[in-house]
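Undergrad: Sharing a structure below in structure tokens format, with a few things to ask.
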There are 2 protein chains.
Amino acid sequence: MTNKITLHHGDGGVKTNALINEVFLKYYGANMDVSLSDAFIFDVKTSKLAYTTDSFVVQPLFFRGGDIGKLAVCGTLNDLATAGAKPYYLSASFMIEEGFDIDVLCKIAQSMGDVCKENGVKIVTGDTKVVEKGSVDGLFINTSGIGVVAESFAPSKIEPEDEIIITGTIAEHGTAILLDRYDLEIETNITSDCCALSHLITDLDKVLPYIKLMKDPTRGGVATVLNEIATNVGYNVELIENRIPMNPQIKAINDILGIDPFYLACEGRMILVVKNGFGKRVLQKLRKLRGYENAQSIGRFTNDYQKTVYLKTSIGGKRVMPSLEGQMVPRIC
Amino acid sequence: MTNKITLHHGDGGVKTNALINEVFLKYYGANMDVSLSDAFIFDVKTSKLAYTTDSFVVQPLFFRGGDIGKLAVCGTLNDLATAGAKPYYLSASFMIEEGFDIDVLCKIAQSMGDVCKENGVKIVTGDTKVVEKGSVDGLFINTSGIGVVAESFAPSKIEPEDEIIITGTIAEHGTAILLDRYDLEIETNITSDCCALSHLITDLDKVLPYIKLMKDPTRGGVATVLNEIATNVGYNVELIENRIPMNPQIKAINDILGIDPFYLACEGRMILVVKNGFGKRVLQKLRKLRGYENAQSIGRFTNDYQKTVYLKTSIGGKRVMPSLEGQMVPRIC
């Protein structure tokens, strides 16, 4: 196979099949009956399923801590996790620019295969399109996913005093993308937090009944996601600034850049809304898990109806954190 | 809302929500709990499900007989149909160029909603990304779908003498795209055959047990799809040229352009492989359906092992029809 993608790789003929076999099947190592069927058939026992989709247009394709492939699979696994679901099957669809390097494509497919393997999930259906040079910026990936919802997951109405927990330090993915995209010469060991959170569904099984909502703070960051929730449930949110876990380097870098990290994406964190009184228990469970040592209770819903997110600052002030209006960093996922 | 897409529409904040509410929810008219959950949860009774994905990069976005939205939904419904599945739920994900016209986006969403309505299927999960001007050619759409496989669908091993049926005239989608993309000044009433074939699963229910394989001849056309099947099953295919249904205008236009219509995409036709002896029965059923009057038995598998597709020409010759090697018309779907 030549080492560049040509339009012929997208024509549905001989070269498309070669690409599927020599790149995707090889590096995914997954169960795909691509040759005869355009759809994958599977048996389901009576259960609740979750279904989600996301397209990934991140730039650059490789960043500190991950690449578009890892991000695509993790993103979809995490969206399933927000529904209390363990991943079952994934789809993967590629839109590739003519001239794209096939070796790079292999690396990306390998990243996807790796995350799938670690999480016991298979890519079972896919698609490849190739467009002329200039018609897409390198590579976009769409993943969709089907998961099985845990029986113990019982989302319920959020009420005042319900607690808000975050599973780790914030703003690392957004900052990593900023550093790599604009080639900022800042010395730091910050990497993206990009990772799959699927295991939480199993690891938190016993406390899942107390978790009223899970949501991963990706685009728009923690502030935007909490605004969405506040708007939906009709109460205010009160966050305690000095409880919000943040790597000091993240704070320093964003101070220099004049960017508010509360609006920068995480790609490996989850916000949990926990029934009033059960936060401590959930937090204890979380902190015992490797990589969750920084999980923290960061605030609560209050008995006010402005649907507003407030931050109690470390110097005793109180400031409104509106939803994101205006792109902070485009194409972070 | 301004009438052009800006990067802010993709930032996950206020404008993304406005876009979801004012375009997608409005025109789909579907059940989407987009505000709080990133995944859709549904109950399944014990059954076989089918799962598929496709991305659409067609150019132009509007063509005689359809648009990218109609094509995206029909394409995924038809892929589900190849697995004997009635559609259940769809996902829809948009990758949009900054500056794209929101009124055009509404028209496309409307097309998608219309096909969904006609086929009793809902878009239940979605995603919107916006990239800078020049980073994508207008709009790409990914759709994925979940369907319920009909109990009577029993694909089985293809054998020599099994019959090959096509549900209608060929090459109309590919020709329509050619005419519109290159603004060829040819007077014709040809339109794309783009349509959903989901109803076939119900309408052919009684003869489904005799259907060994269904496959829609999209990219690469009838010739490429039959080559794929021949390669997989290990037998030759013999097609009878003068049985293959083709609108005379399609033949004339492709003669002028020097293009072989056997390699041009259909987007509303299905190839059926039927157990030897049952072709007539299936054909009778098909021809009674509106829009299927031109269904035809076009050939059979033979007891030869070169995995080759032969065409018995109208003048008594026999020519090999290899799989497509080299793009005929790029970006037809």
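By order in the structure tokens, chains are A, B, ...; within a chain, residues start at 1; ligands start at 1, following the order shown.
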Write out as a PDB file with N, CA, C and O atoms, in the first residue's frame every residue belonging to chain A that has an atom at most 6 Å from any atom of chain B, counting only C-alpha atoms.
TA:
ATOM      1  N   HIS A   8      -8.923   7.123  -4.244  1.00  0.00           N
ATOM      2  CA  HIS A   8      -9.314   5.735  -4.513  1.00  0.00           C
ATOM      3  C   HIS A   8      -9.578   4.952  -3.224  1.00  0.00           C
ATOM      4  O   HIS A   8     -10.330   3.982  -3.227  1.00  0.00           O
ATOM      5  N   ASP A  11     -13.355   4.939  -2.609  1.00  0.00           N
ATOM      6  CA  ASP A  11     -14.327   4.685  -3.677  1.00  0.00           C
ATOM      7  C   ASP A  11     -15.188   3.445  -3.448  1.00  0.00           C
ATOM      8  O   ASP A  11     -16.045   3.122  -4.258  1.00  0.00           O
ATOM      9  N   GLY A  12     -14.930   2.744  -2.358  1.00  0.00           N
ATOM     10  CA  GLY A  12     -15.742   1.559  -2.070  1.00  0.00           C
ATOM     11  C   GLY A  12     -15.253   0.317  -2.790  1.00  0.00           C
ATOM     12  O   GLY A  12     -15.861  -0.750  -2.681  1.00  0.00           O
ATOM     13  N   GLY A  13     -14.142   0.439  -3.509  1.00  0.00           N
ATOM     14  CA  GLY A  13     -13.640  -0.692  -4.289  1.00  0.00           C
ATOM     15  C   GLY A  13     -12.435  -1.367  -3.644  1.00  0.00           C
ATOM     16  O   GLY A  13     -12.343  -1.488  -2.417  1.00  0.00           O
ATOM     17  N   VAL A  14     -11.511  -1.797  -4.499  1.00  0.00           N
ATOM     18  CA  VAL A  14     -10.343  -2.578  -4.078  1.00  0.00           C
ATOM     19  C   VAL A  14      -9.527  -1.866  -3.000  1.00  0.00           C
ATOM     20  O   VAL A  14      -9.145  -2.456  -1.982  1.00  0.00           O
ATOM     21  N   ASP A  38     -23.230  -4.475   5.856  1.00  0.00           N
ATOM     22  CA  ASP A  38     -23.050  -3.072   6.212  1.00  0.00           C
ATOM     23  C   ASP A  38     -23.546  -2.795   7.623  1.00  0.00           C
ATOM     24  O   ASP A  38     -23.497  -1.672   8.085  1.00  0.00           O
ATOM     25  N   ALA A  39     -24.045  -3.809   8.294  1.00  0.00           N
ATOM     26  CA  ALA A  39     -24.513  -3.615   9.663  1.00  0.00           C
ATOM     27  C   ALA A  39     -24.073  -4.807  10.496  1.00  0.00           C
ATOM     28  O   ALA A  39     -23.940  -5.922   9.993  1.00  0.00           O
ATOM     29  N   PHE A  40     -23.845  -4.574  11.758  1.00  0.00           N
ATOM     30  CA  PHE A  40     -23.424  -5.611  12.687  1.00  0.00           C
ATOM     31  C   PHE A  40     -24.648  -6.086  13.460  1.00  0.00           C
ATOM     32  O   PHE A  40     -25.450  -5.284  13.924  1.00  0.00           O
ATOM     33  N   ILE A  41     -24.805  -7.398  13.570  1.00  0.00           N
ATOM     34  CA  ILE A  41     -25.980  -7.950  14.257  1.00  0.00           C
ATOM     35  C   ILE A  41     -25.563  -8.539  15.604  1.00  0.00           C
ATOM     36  O   ILE A  41     -24.550  -9.227  15.682  1.00  0.00           O
ATOM     37  N   PHE A  42     -26.304  -8.242  16.642  1.00  0.00           N
ATOM     38  CA  PHE A  42     -25.972  -8.820  17.957  1.00  0.00           C
ATOM     39  C   PHE A  42     -27.240  -9.127  18.745  1.00  0.00           C
ATOM     40  O   PHE A  42     -28.298  -8.555  18.502  1.00  0.00           O
ATOM     41  N   ASP A  43     -27.082 -10.068  19.683  1.00  0.00           N
ATOM     42  CA  ASP A  43     -28.205 -10.467  20.530  1.00  0.00           C
ATOM     43  C   ASP A  43     -28.254  -9.622  21.790  1.00  0.00           C
ATOM     44  O   ASP A  43     -27.222  -9.276  22.339  1.00  0.00           O
ATOM     45  N   VAL A  44     -29.443  -9.297  22.234  1.00  0.00           N
ATOM     46  CA  VAL A  44     -29.595  -8.553  23.483  1.00  0.00           C
ATOM     47  C   VAL A  44     -30.539  -9.305  24.384  1.00  0.00           C
ATOM     48  O   VAL A  44     -31.597  -9.751  23.957  1.00  0.00           O
ATOM     49  N   LYS A  45     -30.117  -9.449  25.629  1.00  0.00           N
ATOM     50  CA  LYS A  45     -31.047  -9.936  26.645  1.00  0.00           C
ATOM     51  C   LYS A  45     -31.850  -8.718  27.093  1.00  0.00           C
ATOM     52  O   LYS A  45     -31.432  -7.581  26.905  1.00  0.00           O
ATOM     53  N   THR A  46     -32.968  -8.960  27.716  1.00  0.00           N
ATOM     54  CA  THR A  46     -33.784  -7.848  28.210  1.00  0.00           C
ATOM     55  C   THR A  46     -32.923  -6.916  29.055  1.00  0.00           C
ATOM     56  O   THR A  46     -32.320  -7.343  30.032  1.00  0.00           O
ATOM     57  N   SER A  47     -32.813  -5.686  28.657  1.00  0.00           N
ATOM     58  CA  SER A  47     -32.017  -4.741  29.449  1.00  0.00           C
ATOM     59  C   SER A  47     -32.225  -3.328  28.945  1.00  0.00           C
ATOM     60  O   SER A  47     -32.880  -3.092  27.949  1.00  0.00           O
ATOM     61  N   LYS A  48     -31.637  -2.409  29.670  1.00  0.00           N
ATOM     62  CA  LYS A  48     -31.637  -1.003  29.283  1.00  0.00           C
ATOM     63  C   LYS A  48     -30.341  -0.745  28.544  1.00  0.00           C
ATOM     64  O   LYS A  48     -29.266  -1.057  29.054  1.00  0.00           O
ATOM     65  N   LEU A  49     -30.448  -0.154  27.376  1.00  0.00           N
ATOM     66  CA  LEU A  49     -29.244   0.207  26.637  1.00  0.00           C
ATOM     67  C   LEU A  49     -29.100   1.728  26.595  1.00  0.00           C
ATOM     68  O   LEU A  49     -30.085   2.460  26.679  1.00  0.00           O
ATOM     69  N   ALA A  50     -27.859   2.181  26.446  1.00  0.00           N
ATOM     70  CA  ALA A  50     -27.594   3.601  26.221  1.00  0.00           C
ATOM     71  C   ALA A  50     -26.950   3.740  24.848  1.00  0.00           C
ATOM     72  O   ALA A  50     -26.278   2.815  24.374  1.00  0.00           O
ATOM     73  N   TYR A  51     -27.152   4.885  24.216  1.00  0.00           N
ATOM     74  CA  TYR A  51     -26.713   5.086  22.829  1.00  0.00           C
ATOM     75  C   TYR A  51     -26.230   6.526  22.715  1.00  0.00           C
ATOM     76  O   TYR A  51     -26.899   7.454  23.196  1.00  0.00           O
ATOM     77  N   THR A  52     -25.079   6.733  22.118  1.00  0.00           N
ATOM     78  CA  THR A  52     -24.538   8.081  22.009  1.00  0.00           C
ATOM     79  C   THR A  52     -23.674   8.228  20.765  1.00  0.00           C
ATOM     80  O   THR A  52     -23.244   7.226  20.184  1.00  0.00           O
ATOM     81  N   THR A  53     -23.421   9.465  20.351  1.00  0.00           N
ATOM     82  CA  THR A  53     -22.527   9.722  19.221  1.00  0.00           C
ATOM     83  C   THR A  53     -21.743  11.000  19.459  1.00  0.00           C
ATOM     84  O   THR A  53     -22.196  11.896  20.181  1.00  0.00           O
ATOM     85  N   ASP A  54     -20.584  11.094  18.845  1.00  0.00           N
ATOM     86  CA  ASP A  54     -19.742  12.286  18.908  1.00  0.00           C
ATOM     87  C   ASP A  54     -18.823  12.310  17.703  1.00  0.00           C
ATOM     88  O   ASP A  54     -18.298  11.271  17.309  1.00  0.00           O
ATOM     89  N   ASP A  79     -19.319   9.321  27.466  1.00  0.00           N
ATOM     90  CA  ASP A  79     -20.725   9.701  27.281  1.00  0.00           C
ATOM     91  C   ASP A  79     -21.646   8.545  27.690  1.00  0.00           C
ATOM     92  O   ASP A  79     -22.717   8.762  28.258  1.00  0.00           O
ATOM     93  N   LEU A  80     -21.228   7.321  27.396  1.00  0.00           N
ATOM     94  CA  LEU A  80     -22.014   6.165  27.859  1.00  0.00           C
ATOM     95  C   LEU A  80     -21.999   6.101  29.385  1.00  0.00           C
ATOM     96  O   LEU A  80     -23.023   5.834  30.020  1.00  0.00           O
ATOM     97  N   ALA A  83     -24.511   7.902  31.337  1.00  0.00           N
ATOM     98  CA  ALA A  83     -25.822   7.248  31.396  1.00  0.00           C
ATOM     99  C   ALA A  83     -25.759   5.994  32.262  1.00  0.00           C
ATOM    100  O   ALA A  83     -26.652   5.142  32.199  1.00  0.00           O
ATOM    101  N   THR A 125     -18.644  -1.707  13.646  1.00  0.00           N
ATOM    102  CA  THR A 125     -19.111  -1.204  12.357  1.00  0.00           C
ATOM    103  C   THR A 125     -18.374   0.100  12.073  1.00  0.00           C
ATOM    104  O   THR A 125     -18.002   0.818  12.993  1.00  0.00           O
ATOM    105  N   GLY A 126     -18.109   0.358  10.795  1.00  0.00           N
ATOM    106  CA  GLY A 126     -17.323   1.538  10.474  1.00  0.00           C
ATOM    107  C   GLY A 126     -17.573   2.037   9.075  1.00  0.00           C
ATOM    108  O   GLY A 126     -18.381   1.468   8.330  1.00  0.00           O
ATOM    109  N   ASP A 127     -16.890   3.111   8.731  1.00  0.00           N
ATOM    110  CA  ASP A 127     -17.046   3.703   7.409  1.00  0.00           C
ATOM    111  C   ASP A 127     -15.812   4.565   7.148  1.00  0.00           C
ATOM    112  O   ASP A 127     -15.221   5.111   8.072  1.00  0.00           O
ATOM    113  N   SER A 135     -10.454  19.758   1.353  1.00  0.00           N
ATOM    114  CA  SER A 135     -11.880  19.659   1.702  1.00  0.00           C
ATOM    115  C   SER A 135     -12.114  19.252   3.149  1.00  0.00           C
ATOM    116  O   SER A 135     -13.249  19.279   3.636  1.00  0.00           O
ATOM    117  N   VAL A 136     -11.068  18.832   3.838  1.00  0.00           N
ATOM    118  CA  VAL A 136     -11.156  18.615   5.279  1.00  0.00           C
ATOM    119  C   VAL A 136      -9.747  18.802   5.831  1.00  0.00           C
ATOM    120  O   VAL A 136      -8.764  18.550   5.130  1.00  0.00           O
ATOM    121  N   ASP A 137      -9.677  19.270   7.068  1.00  0.00           N
ATOM    122  CA  ASP A 137      -8.381  19.560   7.665  1.00  0.00           C
ATOM    123  C   ASP A 137      -7.782  18.277   8.251  1.00  0.00           C
ATOM    124  O   ASP A 137      -7.836  18.047   9.456  1.00  0.00           O
ATOM    125  N   ARG A 219     -16.443  20.161  26.400  1.00  0.00           N
ATOM    126  CA  ARG A 219     -16.544  21.516  25.829  1.00  0.00           C
ATOM    127  C   ARG A 219     -17.213  22.486  26.794  1.00  0.00           C
ATOM    128  O   ARG A 219     -18.280  22.177  27.316  1.00  0.00           O
ATOM    129  N   GLY A 220     -16.617  23.639  27.012  1.00  0.00           N
ATOM    130  CA  GLY A 220     -17.218  24.632  27.896  1.00  0.00           C
ATOM    131  C   GLY A 220     -16.786  24.474  29.346  1.00  0.00           C
ATOM    132  O   GLY A 220     -17.032  25.348  30.170  1.00  0.00           O
ATOM    133  N   LEU A 324     -20.646  29.540  29.060  1.00  0.00           N
ATOM    134  CA  LEU A 324     -19.701  30.028  28.053  1.00  0.00           C
ATOM    135  C   LEU A 324     -20.443  30.736  26.922  1.00  0.00           C
ATOM    136  O   LEU A 324     -21.369  30.211  26.339  1.00  0.00           O
ATOM    137  N   GLU A 325     -20.027  31.964  26.654  1.00  0.00           N
ATOM    138  CA  GLU A 325     -20.570  32.653  25.479  1.00  0.00           C
ATOM    139  C   GLU A 325     -19.398  33.183  24.699  1.00  0.00           C
ATOM    140  O   GLU A 325     -18.851  34.232  24.998  1.00  0.00           O
ATOM    141  N   GLY A 326     -18.970  32.467  23.755  1.00  0.00           N
ATOM    142  CA  GLY A 326     -17.777  32.855  23.008  1.00  0.00           C
ATOM    143  C   GLY A 326     -16.747  31.771  23.195  1.00  0.00           C
ATOM    144  O   GLY A 326     -16.455  31.362  24.300  1.00  0.00           O
ATOM    145  N   GLN A 327     -16.270  31.287  22.058  1.00  0.00           N
ATOM    146  CA  GLN A 327     -15.345  30.159  22.042  1.00  0.00           C
ATOM    147  C   GLN A 327     -14.052  30.529  22.764  1.00  0.00           C
ATOM    148  O   GLN A 327     -13.430  31.532  22.472  1.00  0.00           O
TER     149      GLN A 327
END
Undergrad: May I have all residues of segment 29-263 of chain B that DSSP, computed from the backbone, assigns to helix (DSSP H, G or I), given as a PyMOL selection string?
TA: chain B and resi 68-82+102-118+172-181+199-203+205-210+221-233+241-243+248-257+261-263
Undergrad: Excluding segment 275-277 of chain B and residues on its chain fewer than 5 positions from it, collect all residues at most 9 Å away from it, counting only C-alpha atoms, and give them as a PDB file with N, CA, C and O atoms, in the first residue's frame.
TA:
ATOM      1  N   ILE B 158     -24.455 -18.837   0.550  1.00  0.00           N
ATOM      2  CA  ILE B 158     -24.798 -18.728  -0.866  1.00  0.00           C
ATOM      3  C   ILE B 158     -24.210 -19.907  -1.628  1.00  0.00           C
ATOM      4  O   ILE B 158     -23.085 -20.327  -1.362  1.00  0.00           O
ATOM      5  N   GLU B 159     -25.014 -20.460  -2.569  1.00  0.00           N
ATOM      6  CA  GLU B 159     -24.536 -21.615  -3.349  1.00  0.00           C
ATOM      7  C   GLU B 159     -24.758 -21.384  -4.835  1.00  0.00           C
ATOM      8  O   GLU B 159     -25.518 -20.499  -5.228  1.00  0.00           O
ATOM      9  N   PRO B 160     -24.088 -22.185  -5.669  1.00  0.00           N
ATOM     10  CA  PRO B 160     -24.294 -22.052  -7.117  1.00  0.00           C
ATOM     11  C   PRO B 160     -25.784 -22.173  -7.453  1.00  0.00           C
ATOM     12  O   PRO B 160     -26.496 -22.937  -6.804  1.00  0.00           O
ATOM     13  N   GLU B 161     -26.186 -21.409  -8.437  1.00  0.00           N
ATOM     14  CA  GLU B 161     -27.580 -21.347  -8.921  1.00  0.00           C
ATOM     15  C   GLU B 161     -28.470 -20.446  -8.072  1.00  0.00           C
ATOM     16  O   GLU B 161     -29.630 -20.231  -8.421  1.00  0.00           O
ATOM     17  N   ASP B 162     -27.976 -19.934  -6.952  1.00  0.00           N
ATOM     18  CA  ASP B 162     -28.769 -18.937  -6.221  1.00  0.00           C
ATOM     19  C   ASP B 162     -28.961 -17.725  -7.132  1.00  0.00           C
ATOM     20  O   ASP B 162     -28.077 -17.372  -7.924  1.00  0.00           O
ATOM     21  N   GLU B 163     -30.113 -17.099  -7.015  1.00  0.00           N
ATOM     22  CA  GLU B 163     -30.498 -16.057  -7.972  1.00  0.00           C
ATOM     23  C   GLU B 163     -30.205 -14.653  -7.450  1.00  0.00           C
ATOM     24  O   GLU B 163     -30.258 -14.415  -6.248  1.00  0.00           O
ATOM     25  N   PRO B 209     -37.342 -15.594   4.459  1.00  0.00           N
ATOM     26  CA  PRO B 209     -36.559 -16.816   4.696  1.00  0.00           C
ATOM     27  C   PRO B 209     -35.817 -17.326   3.454  1.00  0.00           C
ATOM     28  O   PRO B 209     -34.876 -18.093   3.586  1.00  0.00           O
ATOM     29  N   TYR B 210     -36.245 -16.901   2.268  1.00  0.00           N
ATOM     30  CA  TYR B 210     -35.559 -17.353   1.047  1.00  0.00           C
ATOM     31  C   TYR B 210     -34.471 -16.388   0.604  1.00  0.00           C
ATOM     32  O   TYR B 210     -33.770 -16.632  -0.375  1.00  0.00           O
ATOM     33  N   ILE B 211     -34.369 -15.261   1.305  1.00  0.00           N
ATOM     34  CA  ILE B 211     -33.365 -14.268   0.926  1.00  0.00           C
ATOM     35  C   ILE B 211     -32.098 -14.522   1.735  1.00  0.00           C
ATOM     36  O   ILE B 211     -32.103 -14.449   2.958  1.00  0.00           O
ATOM     37  N   LYS B 212     -31.024 -14.856   1.000  1.00  0.00           N
ATOM     38  CA  LYS B 212     -29.789 -15.239   1.682  1.00  0.00           C
ATOM     39  C   LYS B 212     -28.920 -14.032   2.014  1.00  0.00           C
ATOM     40  O   LYS B 212     -28.064 -14.109   2.884  1.00  0.00           O
ATOM     41  N   ARG B 300     -27.125 -15.023 -11.687  1.00  0.00           N
ATOM     42  CA  ARG B 300     -27.052 -16.119 -10.711  1.00  0.00           C
ATOM     43  C   ARG B 300     -25.595 -16.415 -10.371  1.00  0.00           C
ATOM     44  O   ARG B 300     -24.681 -15.968 -11.065  1.00  0.00           O
TER      45      ARG B 300
END
Undergrad: Any chance you could list, as a VMD selection string, the residues in segment 243-320 of chain A that come up strand (DSSP E) when DSSP is run on the backbone?
TA: chain A and resid 271 to 274 296 to 302 309 to 312 318 to 320
Undergrad: Would you mind listing what lies within 8 Å of Glu238 of chain A as a PyMOL selection string, with only C-alpha atoms counted and same-chain residues fewer than 4 positions away left out?
TA: chain A and resi 299-302+309-312
Undergrad: Keeping only N, CA and C atoms, write the selected residues as a compact mmCIF listing (two decimals), in the first residue's frame.
TA:
# COMPACT_ATOMS: atom_id res chain seq x y z
N GLY A 299 -19.08 21.63 45.78
CA GLY A 299 -20.20 22.55 45.98
C GLY A 299 -21.52 21.83 46.12
N ARG A 300 -22.61 22.61 45.98
CA ARG A 300 -23.94 22.04 46.20
C ARG A 300 -24.99 22.88 45.47
N PHE A 301 -26.16 22.31 45.35
CA PHE A 301 -27.30 23.07 44.84
C PHE A 301 -27.93 23.81 46.02
N THR A 302 -28.38 25.04 45.79
CA THR A 302 -28.99 25.79 46.88
C THR A 302 -30.45 26.10 46.58
N VAL A 309 -24.93 29.82 38.54
CA VAL A 309 -23.79 29.19 39.20
C VAL A 309 -22.95 30.28 39.86
N TYR A 310 -22.78 30.17 41.19
CA TYR A 310 -21.94 31.13 41.93
C TYR A 310 -20.66 30.45 42.38
N LEU A 311 -19.60 31.24 42.42
CA LEU A 311 -18.33 30.74 42.94
C LEU A 311 -18.01 31.52 44.20
N LYS A 312 -17.90 30.84 45.33
CA LYS A 312 -17.43 31.50 46.56
C LYS A 312 -15.91 31.52 46.48
Undergrad: With only C-alpha atoms as the atoms that count, which of A:Leu25, A:Leu77, A:Ala72, A:Val320 lies nearest to Asn236 of chain A?
TA: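 Checking each of A:Leu25, A:Leu77, A:Ala72, A:Val320 against Asn236 of chain A, counting only C-alpha atoms, the winner is A:Val320.
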Undergrad: Show me, as a short mmCIF file (atom, residue, chain, number, x, y, z; two decimals) with N, CA and C atoms, in the first residue's frame, the residues that have an atom within 12 Å of Phe62 of chain B when counting only C-alpha atoms, minus same-chain residues fewer than 4 positions from it.
TA:
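And here is the file that came out, around_14.cif:
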data_model
loop_
_atom_site.label_atom_id
_atom_site.label_comp_id
_atom_site.auth_asym_id
_atom_site.auth_seq_id
_atom_site.Cartn_x
_atom_site.Cartn_y
_atom_site.Cartn_z
N VAL B 57 -20.36 12.89 2.84
CA VAL B 57 -19.52 14.01 2.42
C VAL B 57 -19.91 14.43 1.00
N VAL B 58 -21.14 14.09 0.61
CA VAL B 58 -21.59 14.28 -0.77
C VAL B 58 -21.42 15.75 -1.21
N GLY B 66 -32.63 14.85 -4.02
CA GLY B 66 -32.30 14.74 -2.59
C GLY B 66 -31.29 15.75 -2.12
N ASP B 67 -30.85 15.56 -0.90
CA ASP B 67 -29.79 16.39 -0.32
C ASP B 67 -29.05 15.53 0.69
N ILE B 68 -27.99 16.09 1.25
CA ILE B 68 -27.13 15.32 2.15
C ILE B 68 -27.90 14.78 3.36
N GLY B 69 -28.92 15.52 3.80
CA GLY B 69 -29.69 15.07 4.97
C GLY B 69 -30.53 13.84 4.65
N LYS B 70 -31.26 13.92 3.53
CA LYS B 70 -32.06 12.77 3.09
C LYS B 70 -31.16 11.55 2.87
N LEU B 71 -30.04 11.80 2.19
CA LEU B 71 -29.09 10.73 1.87
C LEU B 71 -28.56 10.07 3.15
N VAL B 104 -29.91 26.99 5.30
CA VAL B 104 -29.61 25.77 4.56
C VAL B 104 -29.56 24.58 5.53
N LEU B 105 -28.97 24.81 6.69
CA LEU B 105 -28.92 23.76 7.71
C LEU B 105 -30.33 23.34 8.12
N LYS B 107 -33.01 23.44 6.26
CA LYS B 107 -33.58 22.63 5.15
C LYS B 107 -33.09 21.19 5.24
N ILE B 108 -31.82 21.04 5.54
CA ILE B 108 -31.22 19.71 5.62
C ILE B 108 -31.80 18.94 6.81
N SER B 111 -35.21 17.77 5.90
CA SER B 111 -35.17 16.56 5.07
C SER B 111 -34.99 15.32 5.93
N GLY B 138 -17.95 22.84 3.71
CA GLY B 138 -19.38 23.06 3.96
C GLY B 138 -19.91 22.27 5.14
N LEU B 139 -20.23 21.02 4.87
CA LEU B 139 -20.91 20.22 5.89
C LEU B 139 -20.69 18.73 5.65
N ALA B 176 -27.04 11.40 -11.24
CA ALA B 176 -27.60 12.69 -10.77
C ALA B 176 -26.49 13.56 -10.18
N ILE B 177 -25.61 12.95 -9.39
CA ILE B 177 -24.50 13.70 -8.78
C ILE B 177 -23.57 14.24 -9.87
N LEU B 179 -24.31 14.96 -12.97
CA LEU B 179 -24.98 16.05 -13.69
C LEU B 179 -24.92 17.35 -12.89
N ASP B 180 -25.15 17.24 -11.57
CA ASP B 180 -25.19 18.46 -10.75
C ASP B 180 -23.80 18.96 -10.36
N ARG B 181 -22.89 18.05 -10.15
CA ARG B 181 -21.56 18.50 -9.72
C ARG B 181 -20.87 19.24 -10.84
N THR B 191 -33.46 11.78 -11.82
CA THR B 191 -33.16 12.23 -10.46
C THR B 191 -32.50 11.07 -9.72
N SER B 192 -31.90 11.41 -8.59
CA SER B 192 -31.33 10.35 -7.75
C SER B 192 -32.43 9.40 -7.31
N ILE B 332 -19.83 10.75 -3.78
CA ILE B 332 -21.22 10.57 -4.20
C ILE B 332 -22.13 10.33 -2.99
N CYS B 333 -21.52 10.10 -1.83
CA CYS B 333 -22.34 9.95 -0.62
C CYS B 333 -21.56 10.40 0.59
#
Undergrad: What is the distance, in Å and to one decimal place, between atom CA of Met270 of chain B and atom CA of Ile123 of chain A?
TA: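 Calculated distance between atom CA of Met270 of chain B and atom CA of Ile123 of chain A is 25.7 Å.
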Undergrad: With only C-alpha atoms as the atoms that count, which of A:Ile102, A:Ile298, A:Met246, A:Glu172 lies nearest to Ile20 of chain A?
TA: A:Ile102
Undergrad: Which of these residues is nearest to Arg64 of chain A, using only C-alpha atoms: A:Arg290, A:Lys307, A:Arg281, A:His173?
TA: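 Looking at the shortest contact to Arg64 of chain A, the residue is A:His173.
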Undergrad: Applying 12 Å and only C-alpha atoms, which residues near Ile253 of chain B remain after dropping the ones on its own chain fewer than 2 positions away? List them as number ranges by chain.
TA: B: 171-172, 174-176, 178-179, 184-190, 246-251, 255-261
Undergrad: Can you tell me, as a list in words, what residues are no more than 10 Å from Gly291 of chain A when counting only C-alpha atoms, ignoring any on the same chain fewer than 5 positions away?
TA: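 The residues that qualify are Thr167, Gly168 and Leu286 of chain A.
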Undergrad: Could you turn the residues from that selection into a file that holds all heavy atoms, as a short mmCIF file (atom, residue, chain, number, x, y, z; two decimals), in the first residue's frame?
TA:
data_model
loop_
_atom_site.label_atom_id
_atom_site.label_comp_id
_atom_site.auth_asym_id
_atom_site.auth_seq_id
_atom_site.Cartn_x
_atom_site.Cartn_y
_atom_site.Cartn_z
N THR A 167 -14.29 14.31 39.87
CA THR A 167 -13.44 13.13 40.09
C THR A 167 -11.94 13.44 40.03
O THR A 167 -11.14 12.54 40.29
CB THR A 167 -13.77 12.03 39.07
OG1 THR A 167 -13.53 12.56 37.76
CG2 THR A 167 -15.21 11.57 39.18
N GLY A 168 -11.57 14.67 39.68
CA GLY A 168 -10.13 14.98 39.63
C GLY A 168 -9.88 16.42 39.23
O GLY A 168 -10.81 17.22 39.11
N LEU A 286 -14.39 6.88 45.71
CA LEU A 286 -13.63 7.42 44.57
C LEU A 286 -12.14 7.51 44.89
O LEU A 286 -11.30 7.07 44.10
CB LEU A 286 -14.13 8.83 44.24
CG LEU A 286 -15.24 8.97 43.22
CD1 LEU A 286 -15.69 10.42 43.16
CD2 LEU A 286 -14.81 8.50 41.83
#
Undergrad: Just how far from atom CA of Ile170 of chain A is atom CA of Ala109 of chain A, in Å to one decimal?
TA: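 Atom-to-atom, atom CA of Ala109 of chain A and atom CA of Ile170 of chain A are spaced 27.5 Å apart.
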